[in-house]
$ cat my_file.csv   # CSV, C-alpha atoms
chain,number,residue,atom,x,y,z
A,5,MET,CA,-9.7,-4.1,29.1
A,6,ARG,CA,-11.5,-5.5,26.0
A,7,LYS,CA,-14.5,-3.2,26.7
A,8,LEU,CA,-12.2,-0.2,27.1
A,9,ALA,CA,-10.7,-0.9,23.6
A,10,SER,CA,-14.2,-1.3,22.2
A,11,ASP,CA,-15.3,2.0,23.7
A,12,TRP,CA,-12.3,3.9,22.4
A,13,GLY,CA,-12.8,2.2,19.0
A,14,ARG,CA,-16.1,3.9,18.6
A,15,ASN,CA,-14.3,7.3,18.8
A,16,LEU,CA,-12.2,6.6,15.7
A,17,ARG,CA,-13.0,8.8,12.8
A,18,LEU,CA,-12.7,8.3,9.1
A,19,ILE,CA,-11.7,11.5,7.4
A,20,ARG,CA,-11.8,11.6,3.6
A,21,VAL,CA,-9.5,14.0,1.8
A,22,VAL,CA,-10.4,14.5,-1.8
A,23,ALA,CA,-8.0,16.2,-4.3
A,24,GLY,CA,-5.9,17.7,-1.6
A,25,ARG,CA,-8.8,19.3,0.3
A,26,ILE,CA,-9.6,18.5,3.9
A,27,PRO,CA,-13.2,18.6,5.1
A,28,ALA,CA,-14.1,21.3,7.7
A,29,PRO,CA,-13.2,21.7,10.5
A,30,LEU,CA,-9.8,20.4,9.4
A,31,GLN,CA,-9.6,22.3,6.1
A,32,ARG,CA,-6.4,24.1,5.3
A,33,ARG,CA,-4.3,25.1,2.2
A,34,SER,CA,-2.4,22.1,0.8
A,35,LEU,CA,-0.1,21.6,-2.1
A,36,GLN,CA,-1.4,19.3,-4.8
A,37,THR,CA,-0.2,15.9,-3.9
A,38,LEU,CA,-1.6,12.4,-3.1
A,39,VAL,CA,-5.2,12.1,-2.1
A,40,PHE,CA,-5.6,10.3,1.2
A,41,GLU,CA,-8.0,9.2,3.9
A,42,GLU,CA,-7.3,9.1,7.6
A,43,VAL,CA,-8.5,6.9,10.4
A,44,LYS,CA,-7.7,8.8,13.6
A,45,PRO,CA,-9.0,9.4,17.1
A,46,SER,CA,-11.7,11.9,17.9
A,47,PRO,CA,-10.5,15.5,18.2
A,48,GLU,CA,-10.3,15.3,22.0
A,49,ASN,CA,-7.8,12.4,21.6
A,50,SER,CA,-4.9,13.5,19.4
A,51,HIS,CA,-2.8,10.9,17.8
A,52,ALA,CA,0.7,10.0,19.0
A,53,PHE,CA,1.8,7.7,16.2
A,54,THR,CA,1.2,7.6,12.4
A,55,ALA,CA,1.2,4.7,9.9
A,56,PHE,CA,1.0,5.1,6.2
A,57,VAL,CA,-0.9,2.4,4.4
A,58,VAL,CA,0.0,1.9,0.7
A,59,HIS,CA,-2.2,-0.1,-1.6
A,60,GLY,CA,-1.2,-2.3,-4.6
A,61,LEU,CA,-1.5,-2.1,-8.4
A,62,LEU,CA,-4.9,-0.9,-9.7
A,63,GLY,CA,-6.2,-0.5,-6.1
A,64,SER,CA,-6.8,2.5,-3.9
A,65,GLY,CA,-6.6,3.5,-0.3
A,66,ARG,CA,-10.3,2.5,0.3
A,67,ASN,CA,-9.3,-1.1,-0.2
A,68,TRP,CA,-7.5,-0.9,3.1
A,69,ARG,CA,-10.1,1.2,5.0
A,70,SER,CA,-11.6,-1.7,7.0
A,71,PHE,CA,-8.2,-3.2,7.9
A,72,SER,CA,-7.0,0.3,9.0
A,73,ARG,CA,-9.9,0.8,11.2
A,74,SER,CA,-9.4,-2.6,12.8
A,75,LEU,CA,-5.7,-2.0,13.3
A,76,ALA,CA,-6.2,1.4,14.9
A,77,SER,CA,-8.8,-0.1,17.2
A,78,ALA,CA,-6.6,-3.1,18.1
A,79,LEU,CA,-3.7,-0.8,19.1
A,80,LEU,CA,-5.9,1.2,21.6
A,81,PRO,CA,-5.4,2.8,24.0
A,82,ALA,CA,-2.3,3.9,22.1
A,83,GLN,CA,-3.4,6.7,19.7
A,84,TRP,CA,-2.6,5.8,16.1
A,85,ARG,CA,-3.5,7.6,12.9
A,86,MET,CA,-3.7,5.5,9.8
A,87,VAL,CA,-3.2,7.4,6.5
A,88,MET,CA,-4.4,5.5,3.5
A,89,VAL,CA,-3.1,7.1,0.3
A,90,ASP,CA,-4.2,6.8,-3.3
A,91,LEU,CA,-1.0,6.4,-5.2
A,92,ARG,CA,-0.4,8.4,-8.4
A,93,ASN,CA,-2.4,7.0,-11.3
A,94,HIS,CA,-4.8,5.4,-8.8
A,95,GLY,CA,-8.0,6.3,-7.1
A,96,LYS,CA,-8.7,10.0,-6.6
A,97,SER,CA,-5.0,10.8,-7.2
A,98,ALA,CA,-5.5,9.6,-10.8
A,99,GLU,CA,-7.7,12.7,-11.3
A,100,LEU,CA,-4.7,15.0,-10.5
A,101,GLU,CA,-2.0,16.3,-12.8
A,102,GLY,CA,1.5,17.6,-12.1
A,103,PHE,CA,3.2,14.5,-10.7
A,104,LEU,CA,6.9,14.2,-11.6
A,105,THR,CA,7.6,11.7,-14.4
A,106,PRO,CA,8.6,9.0,-15.0
A,107,HIS,CA,5.9,7.0,-13.2
A,108,ASP,CA,8.4,4.8,-11.3
A,109,LEU,CA,8.9,3.6,-7.8
A,110,ASP,CA,11.4,6.4,-7.0
A,111,ASN,CA,8.9,9.1,-7.8
A,112,SER,CA,6.0,7.2,-6.2
A,113,ALA,CA,8.0,7.0,-3.0
A,114,ARG,CA,8.8,10.7,-3.3
A,115,ASP,CA,5.1,11.4,-3.4
A,116,LEU,CA,4.8,10.1,0.1
A,117,ALA,CA,7.6,12.4,1.2
A,118,ASN,CA,6.0,15.3,-0.6
A,119,LEU,CA,2.7,14.6,1.2
A,120,VAL,CA,4.5,14.7,4.6
A,121,LYS,CA,6.1,18.0,3.7
A,122,SER,CA,3.0,19.6,2.2
A,123,GLU,CA,0.8,18.8,5.2
A,124,GLY,CA,3.4,19.8,7.7
A,125,TRP,CA,3.3,16.4,9.4
A,126,LYS,CA,5.9,14.5,11.4
A,127,TRP,CA,7.5,11.7,9.4
A,128,PRO,CA,5.5,8.4,9.7
A,129,ASP,CA,6.5,6.0,12.4
A,130,VAL,CA,5.4,3.0,10.2
A,131,VAL,CA,4.8,2.4,6.5
A,132,ILE,CA,2.7,-0.6,5.5
A,133,GLY,CA,2.7,-1.5,1.8
A,134,HIS,CA,1.0,-4.4,-0.1
A,135,SER,CA,2.3,-5.7,-3.4
A,136,LEU,CA,3.3,-2.7,-5.5
A,137,GLY,CA,2.9,-0.6,-2.3
A,138,GLY,CA,5.4,-2.9,-0.5
A,139,LYS,CA,8.1,-2.0,-3.0
A,140,ILE,CA,7.2,1.6,-2.8
A,141,ALA,CA,7.6,1.4,1.0
A,142,LEU,CA,11.1,-0.2,0.5
A,143,GLN,CA,12.0,2.6,-1.9
A,144,PHE,CA,10.7,5.2,0.6
A,145,ALA,CA,12.9,3.7,3.3
A,146,GLN,CA,16.0,3.6,1.1
A,147,SER,CA,15.5,7.2,0.0
A,148,CYS,CA,15.1,8.3,3.6
A,149,ALA,CA,18.3,6.6,4.6
A,150,ASN,CA,20.1,8.1,1.6
A,151,GLY,CA,19.0,11.6,2.5
A,152,ASP,CA,17.1,12.1,-0.7
A,153,TYR,CA,14.3,14.0,1.0
A,154,GLY,CA,16.5,16.3,3.0
A,155,SER,CA,18.4,16.3,6.2
A,156,ASN,CA,15.5,16.6,8.6
A,157,VAL,CA,13.9,13.3,7.7
A,158,SER,CA,13.1,10.7,10.4
A,159,LEU,CA,13.4,7.0,9.2
A,160,PRO,CA,10.3,4.9,9.8
A,161,LYS,CA,10.7,2.8,12.8
A,162,GLN,CA,9.0,-0.1,11.1
A,163,LEU,CA,8.3,-1.1,7.5
A,164,TRP,CA,5.7,-3.8,6.7
A,165,VAL,CA,6.0,-5.3,3.2
A,166,LEU,CA,3.0,-7.5,2.5
A,167,ASP,CA,3.4,-10.2,0.0
A,168,SER,CA,5.8,-8.2,-2.2
A,169,VAL,CA,8.8,-10.0,-3.6
A,170,PRO,CA,11.8,-7.6,-2.9
A,171,GLY,CA,13.9,-8.6,-6.0
A,172,MET,CA,13.7,-8.2,-9.7
A,173,LEU,CA,10.9,-10.1,-11.4
A,174,SER,CA,10.6,-11.9,-14.7
A,175,SER,CA,7.3,-12.6,-16.5
A,176,ASP,CA,7.3,-16.3,-15.5
A,177,ASP,CA,7.7,-15.9,-11.8
A,178,GLY,CA,4.1,-15.4,-10.6
A,179,ASN,CA,3.4,-12.1,-12.2
A,180,GLY,CA,2.4,-13.4,-15.6
A,181,GLU,CA,-1.3,-13.0,-14.7
A,182,VAL,CA,-0.7,-9.4,-13.8
A,183,GLU,CA,0.8,-8.8,-17.3
A,184,ARG,CA,-2.1,-10.6,-18.9
A,185,VAL,CA,-4.6,-8.5,-17.0
A,186,LEU,CA,-2.9,-5.3,-18.1
A,187,ASN,CA,-2.8,-6.4,-21.7
A,188,THR,CA,-6.4,-7.3,-21.5
A,189,LEU,CA,-7.4,-3.9,-20.1
A,190,GLN,CA,-5.4,-2.2,-22.9
A,191,SER,CA,-7.3,-4.1,-25.5
A,192,LEU,CA,-10.7,-3.1,-24.2
A,193,PRO,CA,-12.8,-0.4,-26.1
A,194,SER,CA,-12.2,3.1,-24.9
A,195,THR,CA,-15.8,3.3,-23.8
A,196,ILE,CA,-17.0,0.5,-21.5
A,197,PRO,CA,-20.7,-0.2,-22.0
A,198,SER,CA,-21.4,-1.1,-18.4
A,199,ARG,CA,-19.9,-2.8,-15.3
A,200,ARG,CA,-21.9,-5.9,-16.0
A,201,TRP,CA,-20.5,-6.0,-19.6
A,202,LEU,CA,-17.0,-5.8,-18.3
A,203,VAL,CA,-17.4,-8.6,-15.7
A,204,ASP,CA,-19.1,-10.9,-18.3
A,205,HIS,CA,-16.3,-10.1,-20.9
A,206,LEU,CA,-13.6,-10.9,-18.4
A,207,LEU,CA,-15.3,-14.2,-17.4
A,208,GLU,CA,-15.5,-15.2,-21.1
A,209,LEU,CA,-11.7,-14.6,-21.3
A,210,GLY,CA,-11.1,-17.0,-18.5
A,211,TYR,CA,-10.6,-14.7,-15.6
A,212,SER,CA,-12.0,-15.8,-12.2
A,213,LYS,CA,-15.2,-14.3,-10.9
A,214,SER,CA,-13.6,-12.6,-7.9
A,215,LEU,CA,-10.9,-10.9,-10.1
A,216,SER,CA,-13.5,-9.9,-12.7
A,217,GLU,CA,-15.8,-8.4,-10.2
A,218,TRP,CA,-13.0,-6.6,-8.4
A,219,LEU,CA,-11.9,-5.1,-11.7
A,220,GLY,CA,-15.5,-4.0,-12.2
A,221,THR,CA,-15.4,-2.0,-8.9
A,222,ASN,CA,-12.7,0.2,-10.6
A,223,LEU,CA,-15.2,1.6,-13.0
A,224,ASN,CA,-16.8,4.9,-12.3
A,225,LYS,CA,-19.9,6.2,-14.1
A,226,ALA,CA,-19.7,9.8,-15.5
A,227,GLY,CA,-23.0,10.6,-17.2
A,228,GLU,CA,-23.6,7.8,-19.7
A,229,LYS,CA,-19.9,6.7,-19.7
A,230,TRP,CA,-18.0,4.3,-17.6
A,231,ASN,CA,-14.4,5.3,-16.9
A,232,TRP,CA,-11.5,3.6,-15.1
A,233,ALA,CA,-10.7,4.8,-11.6
A,234,PHE,CA,-7.0,4.5,-12.5
A,235,ASN,CA,-4.7,5.9,-15.2
A,236,LEU,CA,-3.9,2.6,-17.0
A,237,ASP,CA,-0.8,3.8,-19.0
A,238,GLY,CA,0.7,5.3,-15.8
A,239,ALA,CA,-0.1,2.2,-13.8
A,240,ILE,CA,1.6,0.0,-16.4
A,241,GLN,CA,4.8,2.2,-16.1
A,242,MET,CA,4.7,1.7,-12.3
A,243,PHE,CA,4.4,-2.1,-12.7
A,244,ARG,CA,7.4,-2.2,-15.0
A,245,SER,CA,9.4,-0.3,-12.4
A,246,TYR,CA,8.1,-2.7,-9.8
A,247,ARG,CA,9.5,-5.6,-11.8
A,248,GLU,CA,12.8,-3.9,-12.5
A,249,ASN,CA,13.8,-2.7,-9.0
A,250,ASP,CA,15.8,-4.9,-6.6
A,251,TYR,CA,15.7,-4.3,-2.8
A,252,TRP,CA,17.5,-7.4,-1.7
A,253,PRO,CA,20.6,-5.3,-0.9
A,254,LEU,CA,18.4,-3.1,1.5
A,255,LEU,CA,17.3,-6.2,3.3
A,256,GLU,CA,20.8,-7.5,3.5
A,257,HIS,CA,21.9,-4.2,5.2
A,258,PRO,CA,18.8,-2.5,6.7
A,259,PRO,CA,19.3,1.1,8.0
A,260,LYS,CA,20.1,1.4,11.7
A,261,GLY,CA,17.0,1.9,13.9
A,262,MET,CA,14.6,0.4,11.4
A,263,GLU,CA,12.7,-2.9,11.5
A,264,ILE,CA,11.7,-4.3,8.2
A,265,HIS,CA,9.0,-7.0,8.3
A,266,ILE,CA,8.5,-9.1,5.2
A,267,LEU,CA,5.2,-11.0,5.2
A,268,ARG,CA,4.7,-13.8,2.7
A,269,ALA,CA,1.3,-15.3,2.2
A,270,GLU,CA,1.5,-19.0,2.5
A,271,GLU,CA,-0.6,-19.7,-0.6
A,272,SER,CA,0.7,-16.8,-2.7
A,273,ASP,CA,1.8,-17.6,-6.3
A,274,ARG,CA,4.1,-14.6,-6.4
A,275,TRP,CA,7.2,-16.3,-4.8
A,276,THR,CA,9.7,-18.5,-6.6
A,277,PRO,CA,11.6,-21.2,-4.7
A,278,ASP,CA,14.7,-19.1,-5.1
A,279,ALA,CA,13.0,-16.0,-3.6
A,280,ILE,CA,11.7,-18.0,-0.6
A,281,GLN,CA,15.2,-19.4,0.0
A,282,HIS,CA,16.7,-16.0,-0.2
A,283,LEU,CA,14.2,-14.7,2.3
A,284,GLY,CA,14.9,-17.6,4.6
A,285,SER,CA,18.6,-16.8,4.6
A,286,ILE,CA,18.0,-13.2,5.5
A,287,ASN,CA,15.7,-14.3,8.3
A,288,LEU,CA,18.6,-16.3,9.8
A,289,LYS,CA,21.1,-13.5,9.4
A,290,HIS,CA,22.8,-11.9,12.4
A,291,PHE,CA,22.8,-8.1,11.7
A,292,HIS,CA,25.5,-5.8,13.0
A,293,GLU,CA,25.0,-3.3,15.7
A,294,ASP,CA,25.1,-0.4,13.2
A,295,GLU,CA,22.3,-2.0,11.2
A,296,GLY,CA,18.6,-2.5,11.6
A,297,LYS,CA,16.9,-5.9,11.5
A,298,VAL,CA,14.6,-7.9,9.2
A,299,SER,CA,11.9,-10.2,10.4
A,300,VAL,CA,10.0,-12.7,8.1
A,301,HIS,CA,6.4,-13.8,8.7
A,302,VAL,CA,4.4,-16.4,6.8
A,303,LEU,CA,0.6,-15.7,6.9
A,304,PRO,CA,-1.3,-19.0,6.8
A,305,LYS,CA,-4.5,-19.6,4.8
A,306,ALA,CA,-3.9,-16.6,2.6
A,307,GLY,CA,-3.1,-15.9,-1.0
A,308,HIS,CA,-1.8,-12.7,-2.4
A,309,TRP,CA,-4.8,-10.7,-1.2
A,310,VAL,CA,-3.8,-11.0,2.5
A,311,HIS,CA,-6.3,-8.5,3.9
A,312,VAL,CA,-9.1,-10.4,2.3
A,313,ASP,CA,-8.1,-14.0,2.7
A,314,ASN,CA,-7.0,-13.9,6.3
A,315,SER,CA,-7.7,-10.4,7.7
A,316,LYS,CA,-7.8,-11.6,11.3
A,317,GLY,CA,-4.4,-13.3,11.0
A,318,LEU,CA,-2.9,-10.3,9.3
A,319,LEU,CA,-4.3,-8.0,12.0
A,320,GLN,CA,-2.8,-10.2,14.8
A,321,VAL,CA,0.7,-10.2,13.2
A,322,VAL,CA,0.8,-6.5,12.3
A,323,SER,CA,-0.8,-5.2,15.5
A,324,THR,CA,1.7,-7.2,17.6
A,325,GLY,CA,4.6,-5.7,15.7
A,326,LEU,CA,3.3,-2.1,15.9
A,327,ALA,CA,2.7,-2.4,19.7
A,328,SER,CA,6.5,-2.5,20.1
A,329,VAL,CA,6.8,0.9,18.5
A,330,ILE,CA,5.2,2.5,21.6

$ encode --input "my_file.csv" --output "structure tokens"
Amino acid sequence: MRKLASDWGRNLRLIRVVAGRIPAPLQRRSLQTLVFEEVKPSPENSHAFTAFVVHGLLGSGRNWRSFSRSLASALLPAQWRMVMVDLRNHGKSAELEGFLTPHDLDNSARDLANLVKSEGWKWPDVVIGHSLGGKIALQFAQSCANGDYGSNVSLPKQLWVLDSVPGMLSSDDGNGEVERVLNTLQSLPSTIPSRRWLVDHLLELGYSKSLSEWLGTNLNKAGEKWNWAFNLDGAIQMFRSYRENDYWPLLEHPPKGMEIHILRAEESDRWTPDAIQHLGSINLKHFHEDEGKVSVHVLPKAGHWVHVDNSKGLLQVVSTGLASVI
């Protein structure tokens, strides 16, 4: 059986979609919306299930490329398509104009719905979101349940919220470093001399080597200039909305037919004792028959960057959960 999964895994294809254009032979007219990549079976094996994978602040879909490949392979022989989006103001989507403002979680979630509609897809079976992407996933589920995207919407069967605190956040509850990073980026010169200069400058300011180098990967060279792969002002607006939105009520009363999985990284610094206690009480709650359900997972040996710190453990937890969708 293991060999079968391996053989099928070799047939998985990564399809890059840039600025709303799909490479031949899959090219077709598309409304301007989020840029995305797909991991999907070979053409002779059409997919049966779809999962959206939503990255975090200052990231992009490519950050989750390796994990998405592994997840699709682990779920074989079931045919899953993984759609890794670049959120507005991030990645290739940052190069596009025309997104509705303000740049908040509500409009960011609506971008996912607009992608489904513009591509003529079925609604995703699963939405997986990390950090900022986790709250966008929660907003997407809430808006689907409220009928905000129309009457023909199908709720996701599962939601996976990866190390994203559902409630409102203050500056001293583990997100202080995020604010510091954003303030630092705003203070940098408009023209970055080089990626090496940026990394050295961030190290001098006291940032870790891993964080400094990761931020350096978000620089793209255009001629003699180095530009950010994200729209910093728009990303800051999204982070403010992330801090201000509260989805504890959604977890207290999840929509019928939906499983919401909250995964907390054991070594994450984003969770206050109160938030952990609140999560524990929801995990013990008995939900009514007309409600969905919430499950809580703790990923050992992992900080906030769950797909980097313990990718094997994350894959085991998520793939086990998704197998029940079949």

$ residues_around --input "my_file.csv" --residues "Asp237 of chain A" --least-positions-apart "3" --cutoff "10 Å" --atoms "only C-alpha atoms" --output "mmCIF file with C-alpha atoms, in the coordinates of the input"
data_model
loop_
_atom_site.group_PDB
_atom_site.id
_atom_site.type_symbol
_atom_site.label_atom_id
_atom_site.label_comp_id
_atom_site.auth_asym_id
_atom_site.auth_seq_id
_atom_site.Cartn_x
_atom_site.Cartn_y
_atom_site.Cartn_z
ATOM 1 C CA ASN A 93 -2.400 7.000 -11.300
ATOM 2 C CA HIS A 107 5.900 7.000 -13.200
ATOM 3 C CA LEU A 186 -2.900 -5.300 -18.100
ATOM 4 C CA GLN A 190 -5.400 -2.200 -22.900
ATOM 5 C CA PHE A 234 -7.000 4.500 -12.500
ATOM 6 C CA ILE A 240 1.600 0.000 -16.400
ATOM 7 C CA GLN A 241 4.800 2.200 -16.100
ATOM 8 C CA MET A 242 4.700 1.700 -12.300
#

$ atom_distance --input "my_file.csv" --atom1 "atom CA of Val203 of chain A" --atom2 "atom CA of Val185 of chain A"
12.9 Å

$ residues_around --input "my_file.csv" --residues "segment 72-75 of chain A" --least-positions-apart "2" --cutoff "12 Å" --atoms "only C-alpha atoms" --output "VMD selection string"
chain A and resid 9 to 10 12 to 19 41 to 45 54 to 59 65 to 70 77 to 89 132 311 315 to 327

$ closest_residue --input "my_file.csv" --among "A:Asn235, A:Trp127, A:Pro258, A:Ser214" --to "His292 of chain A" --atoms "only C-alpha atoms"
A:Pro258

$ atom_distance --input "my_file.csv" --atom1 "atom CA of Val169 of chain A" --atom2 "atom CA of Lys96 of chain A"
26.7 Å

$ closest_residue --input "my_file.csv" --among "A:Val182, A:Leu219, A:Ala98, A:Ile140" --to "Arg199 of chain A" --atoms "all atoms listed in the file"
A:Leu219

$ atom_distance --input "my_file.csv" --atom1 "atom CA of Thr221 of chain A" --atom2 "atom CA of Asp204 of chain A"
13.5 Å

$ closest_residue --input "my_file.csv" --among "A:Trp201, A:Trp252, A:Trp232, A:Tyr246" --to "Asn111 of chain A" --atoms "only C-alpha atoms"
A:Tyr246

$ residues_around --input "my_file.csv" --residues "Ser245 of chain A" --least-positions-apart "3" --cutoff "10 Å" --atoms "all atoms listed in the file" --output "number ranges by chain"
A: 106-110, 136, 139, 172-173, 239-242, 248-250

$ write_last_selection --input "my_file.csv" --atoms "C-alpha atoms" --output "JSON list (two decimals), keeping the file's coordinate frame"
[["chain", "number", "residue", "atom", "x", "y", "z"],
["A", 106, "PRO", "CA", 8.60, 9.00, -15.00],
["A", 107, "HIS", "CA", 5.90, 7.00, -13.20],
["A", 108, "ASP", "CA", 8.40, 4.80, -11.30],
["A", 109, "LEU", "CA", 8.90, 3.60, -7.80],
["A", 110, "ASP", "CA", 11.40, 6.40, -7.00],
["A", 136, "LEU", "CA", 3.30, -2.70, -5.50],
["A", 139, "LYS", "CA", 8.10, -2.00, -3.00],
["A", 172, "MET", "CA", 13.70, -8.20, -9.70],
["A", 173, "LEU", "CA", 10.90, -10.10, -11.40],
["A", 239, "ALA", "CA", -0.10, 2.20, -13.80],
["A", 240, "ILE", "CA", 1.60, 0.00, -16.40],
["A", 241, "GLN", "CA", 4.80, 2.20, -16.10],
["A", 242, "MET", "CA", 4.70, 1.70, -12.30],
["A", 248, "GLU", "CA", 12.80, -3.90, -12.50],
["A", 249, "ASN", "CA", 13.80, -2.70, -9.00],
["A", 250, "ASP", "CA", 15.80, -4.90, -6.60]]

$ residues_around --input "my_file.csv" --residues "Ser147 of chain A" --least-positions-apart "6" --cutoff "12 Å" --atoms "all atoms listed in the file" --output "PyMOL selection string"
chain A and resi 109-117+140-141+153-155+157-160+251+254+259

$ residues_around --input "my_file.csv" --residues "Lys229 of chain A" --least-positions-apart "2" --cutoff "10 Å" --atoms "all atoms listed in the file" --output "list in words"
Ser194, Thr195, Ile196, Pro197, Ser198, Leu223, Asn224, Lys225, Ala226, Gly227 and Asn231 of chain A

$ decode --input "my_file.csv" --residues "segment 69-117 of chain A" --atoms "C-alpha atoms" --output "PDB file, in the first residue's frame"
ATOM      1  CA  ARG A  69       4.116  24.277  -1.374  1.00  0.00           C
ATOM      2  CA  SER A  70       6.119  21.430   0.150  1.00  0.00           C
ATOM      3  CA  PHE A  71       3.539  20.725   2.853  1.00  0.00           C
ATOM      4  CA  SER A  72       0.701  20.753   0.296  1.00  0.00           C
ATOM      5  CA  ARG A  73       2.522  18.235  -1.886  1.00  0.00           C
ATOM      6  CA  SER A  74       3.103  15.974   1.106  1.00  0.00           C
ATOM      7  CA  LEU A  75      -0.510  16.285   2.256  1.00  0.00           C
ATOM      8  CA  ALA A  76      -1.948  15.437  -1.163  1.00  0.00           C
ATOM      9  CA  SER A  77       0.394  12.453  -1.388  1.00  0.00           C
ATOM     10  CA  ALA A  78      -0.479  11.247   2.124  1.00  0.00           C
ATOM     11  CA  LEU A  79      -4.178  11.252   1.255  1.00  0.00           C
ATOM     12  CA  LEU A  80      -3.782   9.040  -1.825  1.00  0.00           C
ATOM     13  CA  PRO A  81      -5.447   7.160  -3.388  1.00  0.00           C
ATOM     14  CA  ALA A  82      -8.130   9.787  -2.626  1.00  0.00           C
ATOM     15  CA  GLN A  83      -7.739  12.537  -5.204  1.00  0.00           C
ATOM     16  CA  TRP A  84      -7.173  15.896  -3.504  1.00  0.00           C
ATOM     17  CA  ARG A  85      -6.380  19.239  -5.088  1.00  0.00           C
ATOM     18  CA  MET A  86      -4.494  21.725  -2.898  1.00  0.00           C
ATOM     19  CA  VAL A  87      -4.988  25.395  -3.825  1.00  0.00           C
ATOM     20  CA  MET A  88      -2.323  27.654  -2.311  1.00  0.00           C
ATOM     21  CA  VAL A  89      -3.411  31.276  -2.602  1.00  0.00           C
ATOM     22  CA  ASP A  90      -1.402  34.477  -2.413  1.00  0.00           C
ATOM     23  CA  LEU A  91      -3.533  36.752  -0.236  1.00  0.00           C
ATOM     24  CA  ARG A  92      -4.158  40.357  -1.266  1.00  0.00           C
ATOM     25  CA  ASN A  93      -1.059  42.503  -0.617  1.00  0.00           C
ATOM     26  CA  HIS A  94       1.089  39.354  -0.608  1.00  0.00           C
ATOM     27  CA  GLY A  95       3.122  37.417  -3.150  1.00  0.00           C
ATOM     28  CA  LYS A  96       2.027  37.715  -6.766  1.00  0.00           C
ATOM     29  CA  SER A  97      -1.364  39.080  -5.678  1.00  0.00           C
ATOM     30  CA  ALA A  98       0.441  42.187  -4.392  1.00  0.00           C
ATOM     31  CA  GLU A  99       1.112  43.086  -8.025  1.00  0.00           C
ATOM     32  CA  LEU A 100      -2.613  43.283  -8.791  1.00  0.00           C
ATOM     33  CA  GLU A 101      -4.963  46.209  -8.355  1.00  0.00           C
ATOM     34  CA  GLY A 102      -8.711  46.452  -7.901  1.00  0.00           C
ATOM     35  CA  PHE A 103      -9.252  44.629  -4.611  1.00  0.00           C
ATOM     36  CA  LEU A 104     -12.086  46.007  -2.508  1.00  0.00           C
ATOM     37  CA  THR A 105     -11.004  48.128   0.440  1.00  0.00           C
ATOM     38  CA  PRO A 106     -10.532  48.265   3.353  1.00  0.00           C
ATOM     39  CA  HIS A 107      -7.853  45.599   3.569  1.00  0.00           C
ATOM     40  CA  ASP A 108      -9.524  43.679   6.392  1.00  0.00           C
ATOM     41  CA  LEU A 109     -10.381  40.073   7.168  1.00  0.00           C
ATOM     42  CA  ASP A 110     -13.895  40.391   5.761  1.00  0.00           C
ATOM     43  CA  ASN A 111     -12.659  41.421   2.312  1.00  0.00           C
ATOM     44  CA  SER A 112      -9.734  38.994   2.474  1.00  0.00           C
ATOM     45  CA  ALA A 113     -12.161  36.126   3.047  1.00  0.00           C
ATOM     46  CA  ARG A 114     -14.410  37.452   0.275  1.00  0.00           C
ATOM     47  CA  ASP A 115     -11.396  37.196  -2.054  1.00  0.00           C
ATOM     48  CA  LEU A 116     -11.514  33.413  -1.532  1.00  0.00           C
ATOM     49  CA  ALA A 117     -15.193  33.359  -2.445  1.00  0.00           C
TER      50      ALA A 117
END
